[in-house]
Every structure is written in C-alpha cells, then in structure tokens.
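K.L.:
Here you go, one structure.
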Amino acid sequence: MPKDAPHVLLINPWIDDFAAFDFWAKPIGLLTLASILRMHGYGVSYIDCLDRFHPELTYPGRVGRFGKGHYLKRRLPKPEKLYDIPRHYSRYGIPERLLRKAINSNPRPAAVLVTSMMTYWYPGVFALIQVVREMLPEVPVVLGGIYATLCHEHAVRHAGADMVLSGQSETSLLELLGQFTGYTNSCRFTPDELDTYPYPAFDLQSSIAYVPILTGQGCPFRCAYCASGFLNPGFRRRSPEHVVEEIAFWHKKYAVLDFVFYDDALLIDADRHIIPILEGVVARGLQVRFHTPNALHIRPLSKEVAKMLFRAGFKTIRLGLETASFDGREAIDTKVGPDEFEQALHHLKKAGFKGEAIGAYLLYGLPGQDLVELETSIKMVKTFGVSPILAQYSPIPHTALWPAAVRASRYDLTSDPIFQNNSIFPCQKASFSWEKISYFKKLARE
Ligand code: B12
C-alpha cells in the first residue's frame with residue numbers, strides 16, 4: 001500500500017426482521033468494492049454485523065449444513081407500523097458492543113461504506129449508521145446496495161448517510177473517495193469486462209464457510225415480480241475460465257467446499273457458459289459442492305445440463321417454478337411453459353439427483369393470487385417427489401407488478417419500504433388470515 005493511501009471501513013449491517021437465517025447470504029457487492037479499493041491501493045477494513053463466526057461468539061445453531069446457519073438474535077420492539085403482525089421481531093447479528101469494539105480497534109477511516117440488501121431491512125442499516133455517526137462524527141458515510149437503489153429517495157431522506165449511491169458504483173465510488181481524500185489512482189479494471197474485476201474480498205471475513213459466485217449479472221427475462229432488470233439492466237458475463245479460476249482459488253487457498261451461485265440467469269446459453277464452467281471444474285478435479293438458492297431457470301435444464309450439474313457436485317437445486325397454473329401466466333412471466341417442469345425433473349432424476357436435493361419455489365402472496373391455485377401447485381409439485389418451497393412475495397418498486405401490489409395491499413405500500421416485507425403478506429387483503437398461511441406452510445412441508 002502506498003504510504004499516503006487512505007483507509008476505508010466497509011460495514012455489512014444488521015438485519016432487523018421477523019425472521020432471518022444465513023441461507024448462504026453474503027454481501028458480495030460490498031466485498032467486490034472492498035477488493036476494487038484494495039486493487040487501487042486503499043487500506044481496507046471490514047466489519048460484518050452478521051458474522052456468525054465472530055471469535056467472541058459461540059451459540060447453538062451457528063454452524064449448519066453446507067455452511068448455512070443461524071445468526072445470533074436479540075428481541076426488538078416491532079416497528080410501530082407493523083404492530084398488528086402476530087410475530088416477534090429481532091435484530092440479527094453481533095451485539096452492539098462488538099460493533100463498537102471493532103470500530104475502535106480498526107484504523108481511523110477516511111470514509112465508511114455501508115451496504116444494504118432487502119429494502120425492508122433498512123431499520124438495521126439506519127441503526128448501524130447512527131452508531132457510526134456517533135463514534136466517527138467527522139467521517140463521511142456512504143450508503144449503497146439494493147435498498148439504496150430501489151428506494152433511493154427514502155434512503156436519501158432518512159438513512160442519515162452523507163451520500164447515497166444507486167446501482168453499480170465501482171467507478172463512481174472511486175471518484176467520490178478521490179474527492180473526499182484527494183487520493184486518486186488510474187482505474188485498474190474495465191467496468192464492462194467482468195474478467196478484469198478482482199474476486200470479492202471474502203478473505204476479509206473472520207471465517208469462510210462458503211463462497212458465493214456470480215458468473216454474470218442481469219437476466220434476459222423481465223418477470224413482473226422481479227427487480228433484476230432494474231438493478232442490472234444489461235446482461236454481462238464472465239468467461240468460463242475466469243469463473244473456474246475463482247472456484248479453484250477459494251478451494252485451494254482457503255479449503256472452501258461449498259459454492260453458491262447468485263446469478264439470476266445461470267443456465268442461459270448453457271453450451272457457452274455453465275457447461276464449460278462445469279467441465280472446467282471436473283477437469284481440474286475440484287471436489288466441491290454447489291448450491292443454487294436463487295433458483296435456476298427450468299427451460300434450459302436439458303439432459304446435458306442436468307448431467308453436468310450432477311457430475312460437478314451440485315447438492316441443492318432450487319427451481320423457479322413460481323406457479324403450476326399456466327392460465328394467464330404470461331401476465332407475470334414467460335420463463336417456463338406447461339410441460340417443461342416435468343421434463344426438467346425427468347432430466348435431473350435421470351442424471352442421478354434424488355428428490356430431496358430438488359426444491360421448486362412457488363410464489364405465495366401475489367396481488368390477487370387465487371389460493372386454490374396455490375394449493376393445487378403445492379400438491380402438483382409433491383406428486384413429482386420434490387419439495388415445494390413457498391417463496392413469500394415481496395412487492396418491489398420499479399417492477400411491473402408494483403402498481404398492482406400497491407392497489408392490492410392493506411397497507412400504503414408507497415409510504416414506507418417496511419411494508420415490502422414478504423413475511424407480512426402485504427398484498428393479501430380479503431382472503432388473508434394467519435391460519436390459512438400456517439395451513440399452506442404445513443401442506444408444503446408434510
Ligand atoms: C443473491 C440473492 C439472494 C441470496 C442472498 C443474497 C444476500 N447477499 O443476502 C438469497 C438466494 C439467499 C436471496 C434470498 C431472498 N431474496 Co434475493 N436476491 C439475490 C440477487 C439475485 C442478487 C443480489 C446480489 O448479490 N447481487 C450482486 C451484487 C454484486 O450486487 P449488489 O449487492 O447490488 O452490489 C452492487 C451495488 O448495489 C453496489 N453496492 C452494494 N453495496 C454498496 C455499498 C456502497 C457504499 C456503495 C457505494 C455501493 C454498493 O455496488 C455493488 C457492485 O456493483 C437479487 C437480485 C439482483 N439481481 O440483484 C435478489 C433480491 C435482492 N432478492 C429479493 C428477494 C425478494 C429475496 C427473498 C425475499 C425471496 C423469497 N421470497 O424468499 C429472499 C429473502 C432472504 C432472506 N430473508 O434472507 C429481491 C429484493 C426484495 C426486496 N424487497 O428488497 C431481489 C431484488 C430479487 C427480486 N425478486 O427482485 N436473495
């Protein structure tokens with residue numbers, strides 16, 4: 001690091017919610033920015049408020065299967081506007097005293113960078129920013145990430161940050177930090193070429209239980225419920241060789257076994273992308289496990305793709321079915337047709353996958369959703385011997401379904417992102433009851 005290089009502190013905030021679990025969730029965007037800053041000579045430190053492996057913490061459930069696990073949690077009063085939700089609300093992550101200790105023990109930063117994920121998790125982000133402000137009153141705080149992008153105005157108005165950046169901010173952040181610190185450096189990567197990016201700085205974590213992999217950004221589909229097209233308007237990808245190199249790097253240098261694909265469209269154009277990636281993994285003899293919590297598209301799951309997934313070591317397959325009812329489905333998406341689910345399951349099972357490894361996401365809580373249709377979908381998925389997994393719908397600004405969600409909601413969705421929380425079923429009105437929800441959850445589990 002050059003002598004006069006400034007130091008930057010990056011923080012992954014707490015989650016405030018009714019429930020949270022580390023279902024392979026890491027702030028890959030923030031850690032990519034960390035590695036870009038390192039690449040440009042900055043000193044970098046990282047505090048993960050969601051660290052399950054903090055050296056001063058041991059608690060039951062923190063180490064789970066394939067690297068997943070529980071966060072530490074502490075009960076909080078419910079946000080006032082959600083007083084009617086019959087569930088406990090908690091702050092997930094490390095205790096505040098450990099956050100304060102970490103801020104004190106790291107070098108004094110020239111700026112603090114805070115990320116944000118789900119829009120309705122903003123209370124944990126605000127609470128973190130408040131602590132930073134109090135402890136480092138003169139240090140500029142920059143907020144970015146998914147909440148900051150989808151609810152930009154809300155964040156500008158209420159977060160208490162000095163700057164809120166929207167969207168992918170690699171180059172704008174370097175410029176901004178240059179203005180704050182007077183430290184400039186010519187850009188050492190090409191923003192449009194993902195192969196020129198450094199790997200996300202997972203090495204800054206206290207432990208690497210698993211590594212998320214992003215082989216590309218964006219998605220060619222424009223599903224009405226999804227914000228991917230707004231967050232990543234283009235569709236750009238890394239080369240298969242670059243992806244294989246990264247998997248080999250984490251596996252060999254840090255003995256990582258579990259890899260989790262975060263892509264929105266991993267299987268698209270399989271012959272030129274996922275197939276060569278997985279052939280590379282097999283050819284290099286990498287004995288690793290893969291998981292796809294963000295759902296795979298069903299249509300491209302051909303016999304060849306299924307075979308390669310099995311050979312390369314995929315252990316958790318999640319499919320984006322969303323509904324098994326195809327009447328009028330075009331209104332929400334066109335990514336899967338009537339017989340394609342059955343066909344894909346056939347290929348997966350033929351390739352060697354057992355039913356337990358496969359789950360099909362079903363969207364639950366869409367505006368105006370017919371609950372009879374949901375029940376039929378759950379039963380249909382079970383007839384194939386795979387698990388239906390209920391994915392509760394979160395209404396998201398800038399999606400095609402947002403206006404319908406606003407009309408259907410029993411809350412004023414436009415007034416506060418807190419109402420975008422999927423666990424409160426914000427778009428259910430007349431037909432809504434917590435008993436019915438328990439019934440569907442039980443039906444899916446049994
Ligand atoms: C991977 C992923 C997950 C992972 C976990 C991700 C995580 N880190 O926690 C899994 C599969 C577990 C997951 C689960 C869910 N997800 Co999700 N997920 C995503 C996905 C596909 C990618 C996010 C990502 O990592 N992007 C890649 C990185 C590189 O981008 P990034 O984080 O945005 O970072 C860039 C910028 O934002 C910026 N940036 C980031 N931080 C900072 C900080 C500063 C200071 C600055 C300047 C810039 C900056 O720079 C970065 C680099 O360019 C997004 C869709 C998408 N395309 O973004 C949905 C998305 C975020 N998920 C969504 C949803 C709905 C869910 C679920 C609720 C689904 C469900 N019904 O069960 C669950 C809830 C999870 C929970 N309760 O824990 C919604 C958001 C909903 C909302 N209201 O906010 C999205 C947008 C998808 C959609 N449907 O539109 N998800």
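By order of appearance in the structure tokens: chains A, B, ..., then residues from 1 within every chain, and ligands from 1 in the order shown.
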Which of stretch 101-158 of chain A counts as helix (DSSP H, G or I) under DSSP, as a ChimeraX atom specification please?
P.N.:
/A:101-105,119-135,146-150,152-158
K.L.:
In stretch 257-329 of chain A, what's strand (DSSP E or B) per DSSP? Answer as a compact mmCIF listing (two decimals) with all heavy atoms, in the first residue's frame?
P.N.:
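Wrote result25.txt, looks like this:
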```
# COMPACT_ATOMS: atom_id res chain seq x y z
N ASP A 258 -18.08 -25.33 -0.16
CA ASP A 258 -19.43 -25.00 -0.62
C ASP A 258 -19.44 -23.70 -1.42
O ASP A 258 -18.99 -22.66 -0.93
CB ASP A 258 -20.39 -24.92 0.57
CG ASP A 258 -20.65 -26.30 1.14
OD1 ASP A 258 -21.35 -27.08 0.48
OD2 ASP A 258 -20.08 -26.62 2.21
N PHE A 259 -19.98 -23.78 -2.62
CA PHE A 259 -20.06 -22.62 -3.52
C PHE A 259 -21.52 -22.40 -3.91
O PHE A 259 -22.23 -23.36 -4.21
CB PHE A 259 -19.19 -22.87 -4.76
CG PHE A 259 -17.73 -22.86 -4.44
CD1 PHE A 259 -17.09 -24.03 -3.98
CD2 PHE A 259 -17.00 -21.69 -4.53
CE1 PHE A 259 -15.74 -24.00 -3.66
CE2 PHE A 259 -15.65 -21.67 -4.21
CZ PHE A 259 -15.02 -22.83 -3.77
N VAL A 260 -21.91 -21.14 -3.91
CA VAL A 260 -23.32 -20.80 -4.05
C VAL A 260 -23.48 -19.83 -5.21
O VAL A 260 -22.93 -18.73 -5.16
CB VAL A 260 -23.81 -20.13 -2.74
CG1 VAL A 260 -25.28 -19.84 -2.81
CG2 VAL A 260 -23.47 -20.99 -1.54
N PHE A 261 -24.21 -20.23 -6.23
CA PHE A 261 -24.37 -19.33 -7.38
C PHE A 261 -25.45 -18.28 -7.08
O PHE A 261 -26.56 -18.61 -6.69
CB PHE A 261 -24.74 -20.12 -8.63
CG PHE A 261 -23.59 -20.91 -9.17
CD1 PHE A 261 -23.53 -22.28 -9.03
CD2 PHE A 261 -22.54 -20.26 -9.82
CE1 PHE A 261 -22.45 -23.00 -9.52
CE2 PHE A 261 -21.45 -20.97 -10.33
CZ PHE A 261 -21.42 -22.35 -10.17
N ARG A 289 -18.86 -28.59 -3.61
CA ARG A 289 -20.33 -28.73 -3.67
C ARG A 289 -20.93 -27.41 -4.13
O ARG A 289 -20.45 -26.34 -3.73
CB ARG A 289 -20.86 -29.07 -2.27
CG ARG A 289 -20.25 -30.33 -1.69
CD ARG A 289 -20.86 -30.67 -0.35
NE ARG A 289 -20.45 -29.76 0.71
CZ ARG A 289 -19.80 -30.13 1.82
NH1 ARG A 289 -19.51 -31.40 2.04
NH2 ARG A 289 -19.47 -29.23 2.75
N PHE A 290 -21.99 -27.51 -4.92
CA PHE A 290 -22.63 -26.29 -5.43
C PHE A 290 -24.08 -26.22 -4.98
O PHE A 290 -24.75 -27.26 -4.84
CB PHE A 290 -22.58 -26.26 -6.96
CG PHE A 290 -21.20 -26.12 -7.52
CD1 PHE A 290 -20.56 -27.19 -8.14
CD2 PHE A 290 -20.52 -24.91 -7.41
CE1 PHE A 290 -19.28 -27.07 -8.65
CE2 PHE A 290 -19.22 -24.78 -7.94
CZ PHE A 290 -18.61 -25.85 -8.55
N HIS A 291 -24.56 -24.99 -4.81
CA HIS A 291 -25.93 -24.76 -4.37
C HIS A 291 -26.52 -23.60 -5.17
O HIS A 291 -25.79 -22.69 -5.58
CB HIS A 291 -25.95 -24.42 -2.88
CG HIS A 291 -25.15 -25.38 -2.05
ND1 HIS A 291 -25.64 -26.58 -1.64
CD2 HIS A 291 -23.85 -25.32 -1.61
CE1 HIS A 291 -24.69 -27.24 -0.95
NE2 HIS A 291 -23.61 -26.49 -0.92
N LEU A 296 -32.86 -21.79 -10.35
CA LEU A 296 -32.43 -21.97 -11.74
C LEU A 296 -33.63 -21.83 -12.64
O LEU A 296 -34.75 -22.19 -12.25
CB LEU A 296 -31.86 -23.39 -11.91
CG LEU A 296 -30.61 -23.72 -11.10
CD1 LEU A 296 -30.25 -25.20 -11.26
CD2 LEU A 296 -29.43 -22.84 -11.54
N PHE A 314 -23.37 -30.58 -7.75
CA PHE A 314 -24.49 -29.76 -7.25
C PHE A 314 -25.24 -30.55 -6.18
O PHE A 314 -25.57 -31.71 -6.39
CB PHE A 314 -25.44 -29.36 -8.39
CG PHE A 314 -24.95 -28.15 -9.13
CD1 PHE A 314 -23.76 -28.20 -9.83
CD2 PHE A 314 -25.67 -26.96 -9.11
CE1 PHE A 314 -23.27 -27.08 -10.50
CE2 PHE A 314 -25.19 -25.83 -9.78
CZ PHE A 314 -24.00 -25.90 -10.48
N LYS A 315 -25.49 -29.92 -5.03
CA LYS A 315 -26.16 -30.60 -3.92
C LYS A 315 -27.53 -30.01 -3.64
O LYS A 315 -28.40 -30.69 -3.11
CB LYS A 315 -25.32 -30.50 -2.63
CG LYS A 315 -23.97 -31.15 -2.74
CD LYS A 315 -24.07 -32.67 -2.85
CE LYS A 315 -22.73 -33.29 -3.17
NZ LYS A 315 -22.77 -34.45 -4.02
N THR A 316 -27.71 -28.74 -3.89
CA THR A 316 -29.00 -28.10 -3.61
C THR A 316 -29.50 -27.47 -4.90
O THR A 316 -28.90 -26.50 -5.38
CB THR A 316 -28.85 -26.99 -2.54
OG1 THR A 316 -28.02 -27.48 -1.49
CG2 THR A 316 -30.19 -26.56 -1.98
N ILE A 317 -30.58 -28.03 -5.44
CA ILE A 317 -31.12 -27.49 -6.69
C ILE A 317 -32.45 -26.82 -6.35
O ILE A 317 -33.35 -27.46 -5.80
CB ILE A 317 -31.41 -28.63 -7.69
CG1 ILE A 317 -30.16 -29.44 -7.99
CG2 ILE A 317 -32.08 -28.10 -8.96
CD1 ILE A 317 -29.27 -28.88 -9.05
N ARG A 318 -32.54 -25.55 -6.67
CA ARG A 318 -33.81 -24.84 -6.48
C ARG A 318 -34.27 -24.35 -7.86
O ARG A 318 -33.50 -23.74 -8.59
CB ARG A 318 -33.64 -23.64 -5.54
CG ARG A 318 -33.29 -24.05 -4.13
CD ARG A 318 -34.48 -24.71 -3.42
NE ARG A 318 -34.13 -25.24 -2.12
CZ ARG A 318 -33.83 -26.52 -1.85
NH1 ARG A 318 -33.82 -27.41 -2.82
NH2 ARG A 318 -33.56 -26.90 -0.63
N LEU A 319 -35.54 -24.63 -8.17
CA LEU A 319 -36.07 -24.28 -9.50
C LEU A 319 -37.11 -23.16 -9.36
O LEU A 319 -37.94 -23.19 -8.44
CB LEU A 319 -36.72 -25.51 -10.13
CG LEU A 319 -35.81 -26.74 -10.26
CD1 LEU A 319 -36.60 -27.94 -10.77
CD2 LEU A 319 -34.64 -26.43 -11.19
N GLY A 320 -37.08 -22.22 -10.28
CA GLY A 320 -38.03 -21.11 -10.24
C GLY A 320 -39.31 -21.47 -10.96
O GLY A 320 -39.53 -21.07 -12.10
N LEU A 321 -40.16 -22.25 -10.30
CA LEU A 321 -41.43 -22.65 -10.93
C LEU A 321 -42.46 -21.52 -10.76
O LEU A 321 -43.21 -21.21 -11.65
CB LEU A 321 -41.93 -23.96 -10.30
CG LEU A 321 -43.26 -24.49 -10.83
CD1 LEU A 321 -43.16 -24.82 -12.32
CD2 LEU A 321 -43.72 -25.73 -10.05
N GLU A 322 -42.53 -20.96 -9.58
CA GLU A 322 -43.41 -19.84 -9.18
C GLU A 322 -44.89 -20.22 -9.09
O GLU A 322 -45.56 -19.90 -8.13
CB GLU A 322 -43.25 -18.58 -10.07
CG GLU A 322 -41.82 -18.26 -10.55
CD GLU A 322 -40.76 -18.13 -9.46
OE1 GLU A 322 -41.10 -18.18 -8.27
OE2 GLU A 322 -39.57 -18.01 -9.80
```
K.L.:
Would you list the contacts of A:Tyr46 as a list of chain:residue names, taking every protein, DNA or RNA residue within 7 Å and counting only C-alpha atoms, but skipping same-chain residues closer than 3 positions in sequence?
P.N.:
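Counting only the stated atoms, we get A:Leu9, A:Leu10, A:Ile11, A:Leu204.
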K.L.:
Quick one: distance from atom CA of A:Pro220 to atom 62 (N, counted along the ligand's line) of ligand 1 in Å, one decimal?
P.N.:
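Atom 62 (N, counted along the ligand's line) of ligand 1 lies 16.8 Å from atom CA of A:Pro220.
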K.L.:
Just give me the gap between atom CA of A:Gln369 and atom CA of A:Asp16 in Å, one decimal is fine.
P.N.:
27.6 Å
K.L.:
When you look at A:Lys303 with a cut-off of 12 Å (counting only C-alpha atoms), what residues show up, excluding the ones that are within fewer than 3 positions of it in the same chain? I need them as a list in words.
P.N.:
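My reading of the contact set: Ala270, Ile275, Ile298, Arg299, Pro300, Ala306, Lys307, Met308, Leu309, Phe310, Gln343, Ala344, Leu345, His346, His347, Leu348, Lys349, Lys350, Ala351 and Gly352 of chain A.
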K.L.:
Quick one: residues within 9 Å of stretch 232-246 of chain A, only C-alpha atoms counted, chain neighbours fewer than 3 positions away excluded, as an MDAnalysis selection string?
P.N.:
chainID A and resid 167:168 192:195 199 213:220 227:229 249:251 272:278 280:281 284
K.L.:
Could you list, as a count of residues only, every residue within 10 Å of A:Gly182, counting only C-alpha atoms and ignoring same-chain residues fewer than 6 positions away?
P.N.:
4
